[in-house]
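Asker: One file is attached below, structure10.cif, containing mmCIF, C-alpha atoms.
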```cif
data_query
loop_
_atom_site.group_PDB
_atom_site.id
_atom_site.type_symbol
_atom_site.label_atom_id
_atom_site.label_comp_id
_atom_site.auth_asym_id
_atom_site.auth_seq_id
_atom_site.Cartn_x
_atom_site.Cartn_y
_atom_site.Cartn_z
ATOM 1 C CA MET A 1459 -18.729 12.909 -4.677
ATOM 2 C CA LEU A 1460 -15.437 12.386 -6.504
ATOM 3 C CA LYS A 1461 -12.823 14.582 -4.889
ATOM 4 C CA TYR A 1462 -9.270 13.960 -6.088
ATOM 5 C CA ARG A 1463 -9.501 11.383 -8.868
ATOM 6 C CA SER A 1464 -8.550 13.939 -11.522
ATOM 7 C CA GLU A 1465 -5.739 15.500 -9.471
ATOM 8 C CA LEU A 1466 -4.082 13.468 -6.712
ATOM 9 C CA PRO A 1467 -2.751 15.816 -3.999
ATOM 10 C CA GLN A 1468 0.004 13.391 -2.954
ATOM 11 C CA LEU A 1469 1.714 13.972 -6.298
ATOM 12 C CA LEU A 1470 3.010 17.233 -4.856
ATOM 13 C CA SER A 1471 6.387 17.234 -3.126
ATOM 14 C CA GLU A 1472 5.022 17.714 0.386
ATOM 15 C CA THR A 1473 5.076 14.740 2.748
ATOM 16 C CA PHE A 1474 1.961 12.566 2.987
ATOM 17 C CA MET A 1475 1.637 9.721 5.453
ATOM 18 C CA THR A 1476 -0.308 6.484 5.238
ATOM 19 C CA ASP A 1477 -0.884 3.629 7.684
ATOM 20 C CA GLY A 1478 1.315 0.699 8.659
ATOM 21 C CA GLY A 1479 0.922 -3.062 8.743
ATOM 22 C CA ILE A 1480 -2.814 -3.302 9.236
ATOM 23 C CA GLU A 1481 -3.093 -7.084 9.181
ATOM 24 C CA THR A 1482 -0.121 -7.845 11.448
ATOM 25 C CA ASP A 1483 -1.150 -5.061 13.832
ATOM 26 C CA ILE A 1484 -4.708 -6.361 14.149
ATOM 27 C CA ILE A 1485 -3.690 -10.023 14.415
ATOM 28 C CA PHE A 1486 -0.713 -9.765 16.769
ATOM 29 C CA ASN A 1487 -1.245 -6.523 18.686
ATOM 30 C CA LYS A 1488 -5.034 -6.601 18.972
ATOM 31 C CA GLY A 1489 -5.445 -10.368 19.133
ATOM 32 C CA ILE A 1490 -8.098 -10.543 16.414
ATOM 33 C CA ASP A 1491 -8.160 -13.366 13.897
ATOM 34 C CA LEU A 1492 -8.265 -12.339 10.253
ATOM 35 C CA PRO A 1493 -9.153 -15.282 7.991
ATOM 36 C CA GLU A 1494 -6.599 -15.527 5.190
ATOM 37 C CA PHE A 1495 -5.114 -12.165 6.263
ATOM 38 C CA SER A 1496 -8.368 -10.469 5.220
ATOM 39 C CA ALA A 1497 -8.881 -7.211 7.104
ATOM 40 C CA PHE A 1498 -12.005 -6.501 5.059
ATOM 41 C CA ASP A 1499 -13.749 -9.272 7.027
ATOM 42 C CA LEU A 1500 -14.024 -6.777 9.905
ATOM 43 C CA LEU A 1501 -16.463 -4.749 7.809
ATOM 44 C CA LYS A 1502 -19.213 -7.322 8.359
ATOM 45 C CA ASN A 1503 -20.321 -6.011 11.766
ATOM 46 C CA LYS A 1504 -20.401 -2.846 13.857
ATOM 47 C CA GLU A 1505 -17.680 -4.002 16.245
ATOM 48 C CA GLY A 1506 -15.290 -4.765 13.409
ATOM 49 C CA ARG A 1507 -15.948 -1.465 11.696
ATOM 50 C CA GLN A 1508 -15.144 0.368 14.928
ATOM 51 C CA ILE A 1509 -11.871 -1.547 15.238
ATOM 52 C CA LEU A 1510 -10.931 -0.343 11.763
ATOM 53 C CA LYS A 1511 -11.899 3.260 12.521
ATOM 54 C CA ASN A 1512 -9.810 3.232 15.693
ATOM 55 C CA TYR A 1513 -6.886 1.783 13.755
ATOM 56 C CA TYR A 1514 -6.913 4.607 11.191
ATOM 57 C CA TYR A 1515 -7.612 7.217 13.853
ATOM 58 C CA ASP A 1516 -4.246 6.530 15.522
ATOM 59 C CA TYR A 1517 -2.348 7.219 12.295
ATOM 60 C CA LEU A 1518 -4.384 10.246 11.292
ATOM 61 C CA SER A 1519 -3.774 11.825 14.682
ATOM 62 C CA ILE A 1520 -0.008 11.510 14.183
ATOM 63 C CA ALA A 1521 -0.044 12.698 10.565
ATOM 64 C CA LYS A 1522 -2.160 15.757 11.225
ATOM 65 C CA LYS A 1523 0.515 17.193 13.528
ATOM 66 C CA ARG A 1524 3.285 17.063 10.916
ATOM 67 C CA CYS A 1525 2.244 16.077 7.398
ATOM 68 C CA LYS A 1526 0.518 17.838 4.533
ATOM 69 C CA GLY A 1527 -1.909 14.991 4.063
ATOM 70 C CA PHE A 1528 -2.741 11.333 4.524
ATOM 71 C CA VAL A 1529 -3.535 8.613 1.991
ATOM 72 C CA LEU A 1530 -6.354 6.533 3.477
ATOM 73 C CA GLU A 1531 -5.832 2.987 2.208
ATOM 74 C CA ALA A 1532 -8.946 0.810 2.332
ATOM 75 C CA PRO A 1533 -8.680 -2.577 4.125
ATOM 76 C CA THR A 1534 -9.405 -4.341 0.829
ATOM 77 C CA TYR A 1535 -6.054 -6.029 0.116
ATOM 78 C CA ARG A 1536 -7.780 -9.434 0.032
ATOM 79 C CA ALA A 1537 -11.142 -8.226 -1.328
ATOM 80 C CA SER A 1538 -10.736 -9.799 -4.758
ATOM 81 C CA PRO A 1539 -12.749 -12.741 -6.144
ATOM 82 C CA ASP A 1540 -10.484 -15.693 -5.267
ATOM 83 C CA TRP A 1541 -9.824 -14.599 -1.688
ATOM 84 C CA MET A 1542 -13.433 -13.582 -1.004
ATOM 85 C CA VAL A 1543 -14.769 -16.965 -2.052
ATOM 86 C CA LYS A 1544 -12.043 -18.732 -0.088
ATOM 87 C CA ILE A 1545 -13.300 -17.287 3.209
ATOM 88 C CA GLY A 1546 -16.991 -17.718 2.509
ATOM 89 C CA TYR A 1547 -18.149 -14.610 0.644
ATOM 90 C CA ILE A 1548 -19.828 -14.632 -2.765
ATOM 91 C CA LEU A 1549 -18.935 -12.491 -5.757
ATOM 92 C CA ASP A 1550 -22.094 -10.443 -5.318
ATOM 93 C CA ASP A 1551 -20.581 -9.137 -2.067
ATOM 94 C CA LEU A 1552 -17.821 -7.313 -3.954
ATOM 95 C CA GLN A 1553 -19.654 -4.002 -4.323
ATOM 96 C CA SER A 1554 -21.051 -3.920 -0.774
ATOM 97 C CA ILE A 1555 -17.634 -4.649 0.754
ATOM 98 C CA HIS A 1556 -16.057 -1.716 -1.026
ATOM 99 C CA GLU A 1557 -18.964 0.593 -0.315
ATOM 100 C CA GLU A 1558 -18.769 -0.296 3.384
ATOM 101 C CA ALA A 1559 -15.035 0.389 3.406
ATOM 102 C CA MET A 1560 -15.522 3.697 1.643
ATOM 103 C CA GLY A 1561 -18.199 4.692 4.137
ATOM 104 C CA ILE A 1562 -15.734 4.397 7.026
ATOM 105 C CA LEU A 1563 -12.960 6.208 5.191
ATOM 106 C CA GLU A 1564 -15.199 9.038 4.047
ATOM 107 C CA GLU A 1565 -16.342 9.563 7.650
ATOM 108 C CA LEU A 1566 -12.706 9.807 8.709
ATOM 109 C CA ARG A 1567 -11.931 12.197 5.858
ATOM 110 C CA GLN A 1568 -14.800 14.430 6.879
ATOM 111 C CA GLU A 1569 -13.505 14.521 10.448
ATOM 112 C CA PHE A 1570 -9.810 15.101 9.756
ATOM 113 C CA GLU A 1571 -9.451 16.875 6.424
ATOM 114 C CA THR A 1572 -8.791 20.607 6.255
ATOM 115 C CA GLU A 1573 -7.699 22.967 3.519
ATOM 116 C CA ASN A 1574 -4.073 22.328 4.498
ATOM 117 C CA PHE A 1575 -4.410 18.599 5.221
ATOM 118 C CA LYS A 1576 -5.658 16.642 2.215
ATOM 119 C CA ILE A 1577 -6.921 13.061 2.472
ATOM 120 C CA PRO A 1578 -7.167 11.103 -0.799
ATOM 121 C CA ILE A 1579 -8.783 7.663 -0.476
ATOM 122 C CA SER A 1580 -7.281 4.595 -2.131
ATOM 123 C CA ILE A 1581 -8.786 1.170 -2.718
ATOM 124 C CA CYS A 1582 -6.058 -1.326 -1.895
ATOM 125 C CA ILE A 1583 -5.536 -4.254 -4.261
ATOM 126 C CA GLY A 1584 -3.432 -7.278 -3.389
ATOM 127 C CA PRO A 1585 -1.943 -9.963 -5.609
ATOM 128 C CA ARG A 1586 -4.143 -12.802 -6.756
ATOM 129 C CA GLY A 1587 -1.805 -15.292 -5.148
ATOM 130 C CA ASP A 1588 0.611 -15.185 -2.236
ATOM 131 C CA GLY A 1589 2.235 -11.823 -1.562
ATOM 132 C CA TYR A 1590 5.666 -13.367 -1.089
ATOM 133 C CA VAL A 1591 5.757 -16.129 -3.704
ATOM 134 C CA PRO A 1592 4.813 -15.638 -7.379
ATOM 135 C CA GLY A 1593 3.441 -19.175 -7.602
ATOM 136 C CA LYS A 1594 1.294 -19.711 -10.682
ATOM 137 C CA MET A 1595 1.931 -16.601 -12.753
ATOM 138 C CA MET A 1596 -0.779 -15.110 -14.940
ATOM 139 C CA THR A 1597 -0.251 -13.450 -18.264
ATOM 140 C CA ALA A 1598 -0.878 -9.715 -18.339
ATOM 141 C CA GLU A 1599 -4.182 -10.418 -20.093
ATOM 142 C CA GLU A 1600 -5.270 -12.889 -17.419
ATOM 143 C CA ALA A 1601 -4.279 -10.448 -14.677
ATOM 144 C CA GLU A 1602 -6.248 -7.658 -16.323
ATOM 145 C CA ALA A 1603 -9.357 -9.835 -16.512
ATOM 146 C CA TYR A 1604 -9.005 -10.980 -12.894
ATOM 147 C CA HIS A 1605 -8.366 -7.599 -11.271
ATOM 148 C CA LYS A 1606 -10.781 -5.621 -13.419
ATOM 149 C CA SER A 1607 -13.777 -6.698 -11.328
ATOM 150 C CA GLN A 1608 -12.357 -5.139 -8.155
ATOM 151 C CA ILE A 1609 -11.114 -2.030 -9.953
ATOM 152 C CA LYS A 1610 -14.492 -1.578 -11.635
ATOM 153 C CA VAL A 1611 -16.194 -1.727 -8.237
ATOM 154 C CA ALA A 1612 -13.686 0.816 -6.933
ATOM 155 C CA SER A 1613 -14.418 3.099 -9.867
ATOM 156 C CA ASN A 1614 -18.102 3.049 -8.906
ATOM 157 C CA THR A 1615 -17.299 4.431 -5.435
ATOM 158 C CA ASN A 1616 -15.850 7.802 -4.447
ATOM 159 C CA ALA A 1617 -12.325 6.349 -4.254
ATOM 160 C CA ASP A 1618 -9.666 8.633 -5.701
ATOM 161 C CA LEU A 1619 -7.295 5.889 -6.833
ATOM 162 C CA VAL A 1620 -6.396 2.219 -6.569
ATOM 163 C CA SER A 1621 -3.101 1.014 -5.115
ATOM 164 C CA ALA A 1622 -1.737 -2.457 -5.821
ATOM 165 C CA LEU A 1623 0.532 -3.600 -2.980
ATOM 166 C CA THR A 1624 3.030 -6.463 -2.620
ATOM 167 C CA ILE A 1625 3.199 -7.119 -6.343
ATOM 168 C CA ASN A 1626 5.868 -9.729 -6.982
ATOM 169 C CA TYR A 1627 5.930 -10.256 -10.760
ATOM 170 C CA ASN A 1628 5.437 -7.802 -13.568
ATOM 171 C CA ALA A 1629 2.785 -9.461 -15.729
ATOM 172 C CA GLU A 1630 0.330 -9.037 -12.858
ATOM 173 C CA ALA A 1631 1.344 -5.386 -12.463
ATOM 174 C CA ILE A 1632 0.829 -4.775 -16.184
ATOM 175 C CA GLY A 1633 -2.609 -6.375 -16.058
ATOM 176 C CA ILE A 1634 -3.642 -4.236 -13.073
ATOM 177 C CA VAL A 1635 -2.482 -1.045 -14.775
ATOM 178 C CA ASN A 1636 -4.251 -1.900 -18.027
ATOM 179 C CA ALA A 1637 -7.467 -2.614 -16.117
ATOM 180 C CA ALA A 1638 -7.210 0.680 -14.244
ATOM 181 C CA LYS A 1639 -6.436 2.545 -17.445
ATOM 182 C CA SER A 1640 -9.500 1.110 -19.186
ATOM 183 C CA LEU A 1641 -11.646 2.440 -16.328
ATOM 184 C CA ASN A 1642 -9.880 5.818 -16.051
ATOM 185 C CA MET A 1643 -8.759 5.087 -12.489
ATOM 186 C CA PRO A 1644 -5.440 6.469 -11.235
ATOM 187 C CA VAL A 1645 -3.248 3.585 -10.129
ATOM 188 C CA VAL A 1646 -0.178 3.089 -7.938
ATOM 189 C CA ILE A 1647 2.020 -0.002 -8.163
ATOM 190 C CA SER A 1648 3.972 -1.097 -5.105
ATOM 191 C CA TYR A 1649 6.491 -3.875 -5.622
ATOM 192 C CA THR A 1650 7.895 -6.119 -2.950
ATOM 193 C CA VAL A 1651 11.482 -7.347 -3.157
ATOM 194 C CA GLU A 1652 13.624 -10.079 -1.675
ATOM 195 C CA THR A 1653 16.791 -9.546 0.368
ATOM 196 C CA ASP A 1654 18.765 -9.070 -2.873
ATOM 197 C CA GLY A 1655 16.586 -6.139 -3.935
ATOM 198 C CA ASN A 1656 14.974 -8.043 -6.809
ATOM 199 C CA LEU A 1657 11.318 -8.994 -7.174
ATOM 200 C CA PRO A 1658 10.481 -12.534 -5.967
ATOM 201 C CA SER A 1659 10.188 -13.434 -9.669
ATOM 202 C CA GLY A 1660 13.894 -12.606 -10.017
ATOM 203 C CA GLN A 1661 13.355 -9.499 -12.133
ATOM 204 C CA SER A 1662 15.244 -6.388 -11.062
ATOM 205 C CA LEU A 1663 13.328 -3.410 -9.716
ATOM 206 C CA LYS A 1664 14.836 -1.286 -12.478
ATOM 207 C CA SER A 1665 13.615 -3.653 -15.191
ATOM 208 C CA ALA A 1666 10.165 -3.967 -13.637
ATOM 209 C CA ILE A 1667 9.564 -0.209 -13.462
ATOM 210 C CA GLU A 1668 11.056 0.569 -16.859
ATOM 211 C CA THR A 1669 9.172 -2.259 -18.568
ATOM 212 C CA LEU A 1670 5.854 -1.387 -16.954
ATOM 213 C CA ASP A 1671 6.187 2.279 -17.873
ATOM 214 C CA ASP A 1672 7.120 1.340 -21.415
ATOM 215 C CA VAL A 1673 4.172 -0.973 -22.080
ATOM 216 C CA THR A 1674 1.561 1.201 -20.324
ATOM 217 C CA ASP A 1675 2.742 4.612 -21.573
ATOM 218 C CA ASN A 1676 3.723 5.770 -18.078
ATOM 219 C CA TYR A 1677 0.130 5.472 -16.846
ATOM 220 C CA VAL A 1678 1.140 4.636 -13.249
ATOM 221 C CA SER A 1679 0.771 7.716 -11.041
ATOM 222 C CA TYR A 1680 3.844 6.667 -9.032
ATOM 223 C CA PHE A 1681 5.593 3.575 -7.752
ATOM 224 C CA MET A 1682 6.186 2.337 -4.225
ATOM 225 C CA ILE A 1683 8.129 -0.385 -2.420
ATOM 226 C CA ASN A 1684 6.451 -2.334 0.361
ATOM 227 C CA CYS A 1685 6.802 -5.449 2.509
ATOM 228 C CA ALA A 1686 10.614 -5.426 2.631
ATOM 229 C CA HIS A 1687 13.120 -3.863 5.012
ATOM 230 C CA PRO A 1688 15.206 -0.928 3.677
ATOM 231 C CA GLU A 1689 18.328 -3.024 4.208
ATOM 232 C CA HIS A 1690 17.064 -5.305 1.428
ATOM 233 C CA PHE A 1691 16.796 -2.681 -1.307
ATOM 234 C CA LYS A 1692 19.031 0.282 -0.432
ATOM 235 C CA SER A 1693 21.822 -0.937 -2.650
ATOM 236 C CA VAL A 1694 19.713 -1.082 -5.830
ATOM 237 C CA LEU A 1695 18.571 2.537 -5.472
ATOM 238 C CA LYS A 1696 21.991 4.146 -5.819
ATOM 239 C CA SER A 1697 21.540 4.655 -9.533
ATOM 240 C CA LYS A 1698 20.796 8.195 -10.674
ATOM 241 C CA GLU A 1699 18.716 6.849 -13.555
ATOM 242 C CA ALA A 1700 15.201 8.093 -14.290
ATOM 243 C CA TRP A 1701 13.446 4.949 -13.041
ATOM 244 C CA VAL A 1702 14.500 5.682 -9.457
ATOM 245 C CA ASN A 1703 12.674 9.013 -9.594
ATOM 246 C CA ARG A 1704 9.420 7.170 -10.304
ATOM 247 C CA ILE A 1705 9.452 5.782 -6.736
ATOM 248 C CA LYS A 1706 7.480 8.126 -4.532
ATOM 249 C CA GLY A 1707 6.290 5.944 -1.654
ATOM 250 C CA LEU A 1708 7.709 3.552 0.907
ATOM 251 C CA ARG A 1709 5.937 1.097 3.193
ATOM 252 C CA ALA A 1710 8.760 -0.938 4.698
ATOM 253 C CA ASN A 1711 8.646 -3.921 7.027
ATOM 254 C CA ALA A 1712 9.805 -3.490 10.602
ATOM 255 C CA SER A 1713 11.678 -6.786 10.414
ATOM 256 C CA LYS A 1714 14.893 -7.527 8.549
ATOM 257 C CA LYS A 1715 13.797 -11.137 8.062
ATOM 258 C CA SER A 1716 13.360 -12.561 4.584
ATOM 259 C CA HIS A 1717 9.893 -13.368 3.268
ATOM 260 C CA ALA A 1718 10.549 -17.062 3.869
ATOM 261 C CA GLU A 1719 11.508 -16.378 7.491
ATOM 262 C CA LEU A 1720 8.462 -14.171 8.027
ATOM 263 C CA ASN A 1721 6.220 -16.916 6.666
ATOM 264 C CA GLU A 1722 7.554 -19.306 9.307
ATOM 265 C CA SER A 1723 7.430 -16.821 12.187
ATOM 266 C CA GLU A 1724 4.802 -17.343 14.888
ATOM 267 C CA THR A 1725 5.587 -14.094 16.682
ATOM 268 C CA LEU A 1726 5.637 -10.482 15.533
ATOM 269 C CA ASP A 1727 9.037 -8.946 14.849
ATOM 270 C CA ILE A 1728 8.657 -5.197 15.454
ATOM 271 C CA GLY A 1729 12.297 -4.502 14.608
ATOM 272 C CA ASP A 1730 14.146 -1.432 15.854
ATOM 273 C CA LYS A 1731 11.900 1.621 15.496
ATOM 274 C CA LYS A 1732 14.690 4.192 15.754
ATOM 275 C CA GLU A 1733 16.832 2.335 13.228
ATOM 276 C CA LEU A 1734 13.894 2.067 10.832
ATOM 277 C CA ALA A 1735 13.271 5.816 11.151
ATOM 278 C CA GLN A 1736 16.927 6.447 10.359
ATOM 279 C CA ASP A 1737 16.670 4.187 7.295
ATOM 280 C CA TYR A 1738 13.714 6.198 6.006
ATOM 281 C CA THR A 1739 15.490 9.524 6.366
ATOM 282 C CA GLU A 1740 18.667 8.177 4.745
ATOM 283 C CA LEU A 1741 16.694 6.845 1.777
ATOM 284 C CA ARG A 1742 15.676 10.392 0.908
ATOM 285 C CA SER A 1743 19.155 11.005 -0.471
ATOM 286 C CA LEU A 1744 18.600 8.119 -2.917
ATOM 287 C CA LEU A 1745 14.895 8.623 -3.610
ATOM 288 C CA THR A 1746 14.654 12.325 -4.346
ATOM 289 C CA ASN A 1747 10.887 12.101 -4.944
ATOM 290 C CA LEU A 1748 10.137 10.114 -1.792
ATOM 291 C CA SER A 1749 7.277 11.891 -0.038
ATOM 292 C CA LYS A 1750 4.724 9.223 0.921
ATOM 293 C CA ILE A 1751 5.646 7.288 4.044
ATOM 294 C CA GLY A 1752 3.928 4.372 5.723
ATOM 295 C CA GLY A 1753 4.690 0.904 7.018
ATOM 296 C CA CYS A 1754 4.051 -2.758 6.342
ATOM 297 C CA CYS A 1755 4.408 -6.009 8.291
ATOM 298 C CA GLY A 1756 5.319 -5.518 11.948
ATOM 299 C CA THR A 1757 4.790 -1.766 11.985
ATOM 300 C CA ASP A 1758 2.104 0.068 13.923
ATOM 301 C CA ALA A 1759 1.339 3.703 14.684
ATOM 302 C CA SER A 1760 4.304 3.983 17.045
ATOM 303 C CA HIS A 1761 6.702 3.138 14.198
ATOM 304 C CA LEU A 1762 5.236 5.883 12.025
ATOM 305 C CA GLU A 1763 5.411 8.342 14.892
ATOM 306 C CA GLU A 1764 9.117 7.568 15.292
ATOM 307 C CA ILE A 1765 9.661 7.908 11.543
ATOM 308 C CA CYS A 1766 7.809 11.226 11.394
ATOM 309 C CA ASN A 1767 9.705 12.642 14.370
ATOM 310 C CA LEU A 1768 13.064 12.050 12.719
ATOM 311 C CA TRP A 1769 11.809 12.810 9.195
ATOM 312 C CA PHE A 1770 10.657 16.294 10.113
ATOM 313 C CA ASN A 1771 13.591 17.013 12.393
ATOM 314 C CA ASN A 1772 15.765 16.549 9.311
ATOM 315 C CA SER A 1773 13.615 18.429 6.825
ATOM 316 C CA VAL A 1774 11.483 21.479 6.232
ATOM 317 C CA SER A 1775 8.846 19.431 4.300
#
```
Transcribe the structure of this file into C-alpha cells.
Answerer:
Amino acid sequence: MLKYRSELPQLLSETFMTDGGIETDIIFNKGIDLPEFSAFDLLKNKEGRQILKNYYYDYLSIAKKRCKGFVLEAPTYRASPDWMVKIGYILDDLQSIHEEAMGILEELRQEFETENFKIPISICIGPRGDGYVPGKMMTAEEAEAYHKSQIKVASNTNADLVSALTINYNAEAIGIVNAAKSLNMPVVISYTVETDGNLPSGQSLKSAIETLDDVTDNYVSYFMINCAHPEHFKSVLKSKEAWVNRIKGLRANASKKSHAELNESETLDIGDKKELAQDYTELRSLLTNLSKIGGCCGTDASHLEEICNLWFNNSVS
C-alpha cells in the first residue's frame, strides 16, 4: 500500500532522522565484505537480511526517543544496472532486489511507526560511476535513460520516494529528476562537494541547485548534501539567497579528509563525534530549513546519537 508518496511527512519543519554510513559501517565496524560497496548484496540470504535489519534498528531506536520521524533509506545505492552486472547479478534481478529491500523496511516501519513518529521509505539511487570522481559524464538524456530502470522498479513498490545520493555533476542529477518526474515519483537530490565546497565537476553548489530547479520546474522535493565534512561546505552556505533554503537534509562524513584521501585510506576515520555534532547544530543558522539529519562515510549510530543529543538540547524541534 502506498503511504506517503503523495505527501511526504519529512517536508514539515519537524526533525526527521535517517541512518549513517551504511557501507563503511558494515565493512569496517562489522567486518563484512561488500563487493563494489554494494550493501544490497546482503539481501541475498537470511543472514545478510538480518544484518541489515539490525543496522536500521540501532538508528530507529535512537530516533524514536527524540525525532518526529525517520526516513528509511533502502540499501540500494549500487542497485543499478552497471553495478549489478559488475558483481554478478543480471538485469532481471532488479525488481526482486528492490522488493526484498522494501520487505525489510516495511517490517521495520510496521514495528516502529506511530501516529507521532512517521517513517517514509526511500529507494536510494547512487551515481552511475564513482561517487567521488565524475569520470565519463553522461548527458542529461543518457542519465535519464540509465536511471529510469531503477526508478521504474521503485515506482512499482510501496516506496514513498527516491533519493539520489553522492551526485557529483549536474547532468546526471537532471536526468534522474526527469526520470522520476516521468514516473510521478517524488525525488530528492543529494550533492557531494569537494573541500572547496564545489561539486567534483567544478560547478558551484549554488549553480547546481539553481540550474536543476530551473530546468525541471522545481520538481525536486528538497536537496541534501552528503559525503563531505561540514568544514568543506560551511563557507558556501552563508548566502541568504533562495537556493540555500532548498537544502533540507544533511548526511555529512565523519572525516575531514578529502575524497582523494578517503579513497586511499585503508582504515576508517570516525572523526570527532562531539565536533561533528557541534557542526550540525551550527549549520542550522545557515540552513534555516535543515530538518533531516543523518550521516555518511565513517559515521555509525553513535555519531547520530551524539548529534541528536546536542541538536535537541539546543532546540525545541
Asker: If I take CA of Val1702 (chain A) and CA of Ile1647 (chain A), how far is one from the other in Å, to one decimal?
Answerer: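 Between CA of Val1702 (chain A) and CA of Ile1647 (chain A) the gap is 13.8 Å.
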Asker: Could you build a table of the residues in region 1601-1678 of chain A lying no more than 9 Å from region 1711-1731 of chain A, giving for each the nearest pair of atoms and their separation in Å rounded to one decimal place, using all atoms listed in the file, ordered by chain and ascending residue number, as a tab-separated table?
Answerer:
```
residue	atom	partner	partner_atom	distance
A:Val1651	CA	A:His1717	CA	8.9
A:Glu1652	CA	A:Ser1716	CA	6.7
A:Thr1653	CA	A:Ser1716	CA	6.2
```
Asker: Please, what distance in Å, to one decimal, runs between CA of Ala1521 (chain A) and CA of Phe1691 (chain A)?
Answerer: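 So the answer is 25.7 Å.
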Asker: Using the chain letters and numbering of this document, enumerate as JSON, numbers by chain the residues selected by the PyMOL selection byres ((chain A and resi 1644) around 6).
Answerer: {"A": [1619, 1643, 1645]}
Asker: Do you have the CA of Ser1648 (chain A)-CA of Ala1622 (chain A) distance handy?
Answerer: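 That distance, rounded to one decimal, is 5.9 Å.
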Asker: The PyMOL selection byres ((chain A and resi 1604-1608) around 8) - which residues does that actually catch in the file I just gave you? List them as a PDB file with C-alpha atoms, in the frame of the given file.
Answerer:
```pdb
ATOM      1  CA  ALA A1537     -11.142  -8.226  -1.328  1.00  0.00           C
ATOM      2  CA  SER A1538     -10.736  -9.799  -4.758  1.00  0.00           C
ATOM      3  CA  PRO A1539     -12.749 -12.741  -6.144  1.00  0.00           C
ATOM      4  CA  LEU A1552     -17.821  -7.313  -3.954  1.00  0.00           C
ATOM      5  CA  ILE A1583      -5.536  -4.254  -4.261  1.00  0.00           C
ATOM      6  CA  GLU A1600      -5.270 -12.889 -17.419  1.00  0.00           C
ATOM      7  CA  ALA A1601      -4.279 -10.448 -14.677  1.00  0.00           C
ATOM      8  CA  GLU A1602      -6.248  -7.658 -16.323  1.00  0.00           C
ATOM      9  CA  ALA A1603      -9.357  -9.835 -16.512  1.00  0.00           C
ATOM     10  CA  ILE A1609     -11.114  -2.030  -9.953  1.00  0.00           C
ATOM     11  CA  LYS A1610     -14.492  -1.578 -11.635  1.00  0.00           C
ATOM     12  CA  VAL A1611     -16.194  -1.727  -8.237  1.00  0.00           C
ATOM     13  CA  ALA A1612     -13.686   0.816  -6.933  1.00  0.00           C
ATOM     14  CA  GLY A1633      -2.609  -6.375 -16.058  1.00  0.00           C
ATOM     15  CA  ILE A1634      -3.642  -4.236 -13.073  1.00  0.00           C
ATOM     16  CA  ALA A1637      -7.467  -2.614 -16.117  1.00  0.00           C
ATOM     17  CA  ALA A1638      -7.210   0.680 -14.244  1.00  0.00           C
TER      18      ALA A1638
END
```
Asker: Compile the contact shell of Ala1497 (chain A) as a VMD selection string: residues with an atom at most 6 Å away, counting all atoms listed in the file, same-chain residues fewer than 2 positions apart removed.
Answerer: chain A and resid 1499 to 1500 1533
Asker: Carefully work through the PyMOL selection byres ((chain A and resi 1580) around 7) for this structure and note down the residues it includes, as a JSON list (two decimals) with C-alpha atoms, in the frame of the given file.
Answerer:
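File selection.json, as written:
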```
[["chain", "number", "residue", "atom", "x", "y", "z"],
["A", 1529, "VAL", "CA", -3.54, 8.61, 1.99],
["A", 1530, "LEU", "CA", -6.35, 6.53, 3.48],
["A", 1531, "GLU", "CA", -5.83, 2.99, 2.21],
["A", 1532, "ALA", "CA", -8.95, 0.81, 2.33],
["A", 1578, "PRO", "CA", -7.17, 11.10, -0.80],
["A", 1579, "ILE", "CA", -8.78, 7.66, -0.48],
["A", 1581, "ILE", "CA", -8.79, 1.17, -2.72],
["A", 1582, "CYS", "CA", -6.06, -1.33, -1.90],
["A", 1617, "ALA", "CA", -12.32, 6.35, -4.25],
["A", 1618, "ASP", "CA", -9.67, 8.63, -5.70],
["A", 1619, "LEU", "CA", -7.30, 5.89, -6.83],
["A", 1620, "VAL", "CA", -6.40, 2.22, -6.57],
["A", 1621, "SER", "CA", -3.10, 1.01, -5.12]]
```
Asker: Given the point (9.3, 6.6, -4.1) in the coordinates of this file, which residues lie within 9 Å, counting only C-alpha atoms, and how would they look as a PyMOL selection string?
Answerer: chain A and resi 1680-1683+1702-1708+1742+1745-1751
Asker: I'd like the neighbourhood of region 1667-1678 of chain A as number ranges by chain, where a residue qualifies if any of its atoms comes within 7 Å (using only C-alpha atoms), though same-chain residues fewer than 2 positions away should be ignored.
Answerer: A: 1632, 1635-1636, 1645-1647, 1663-1665, 1680, 1701
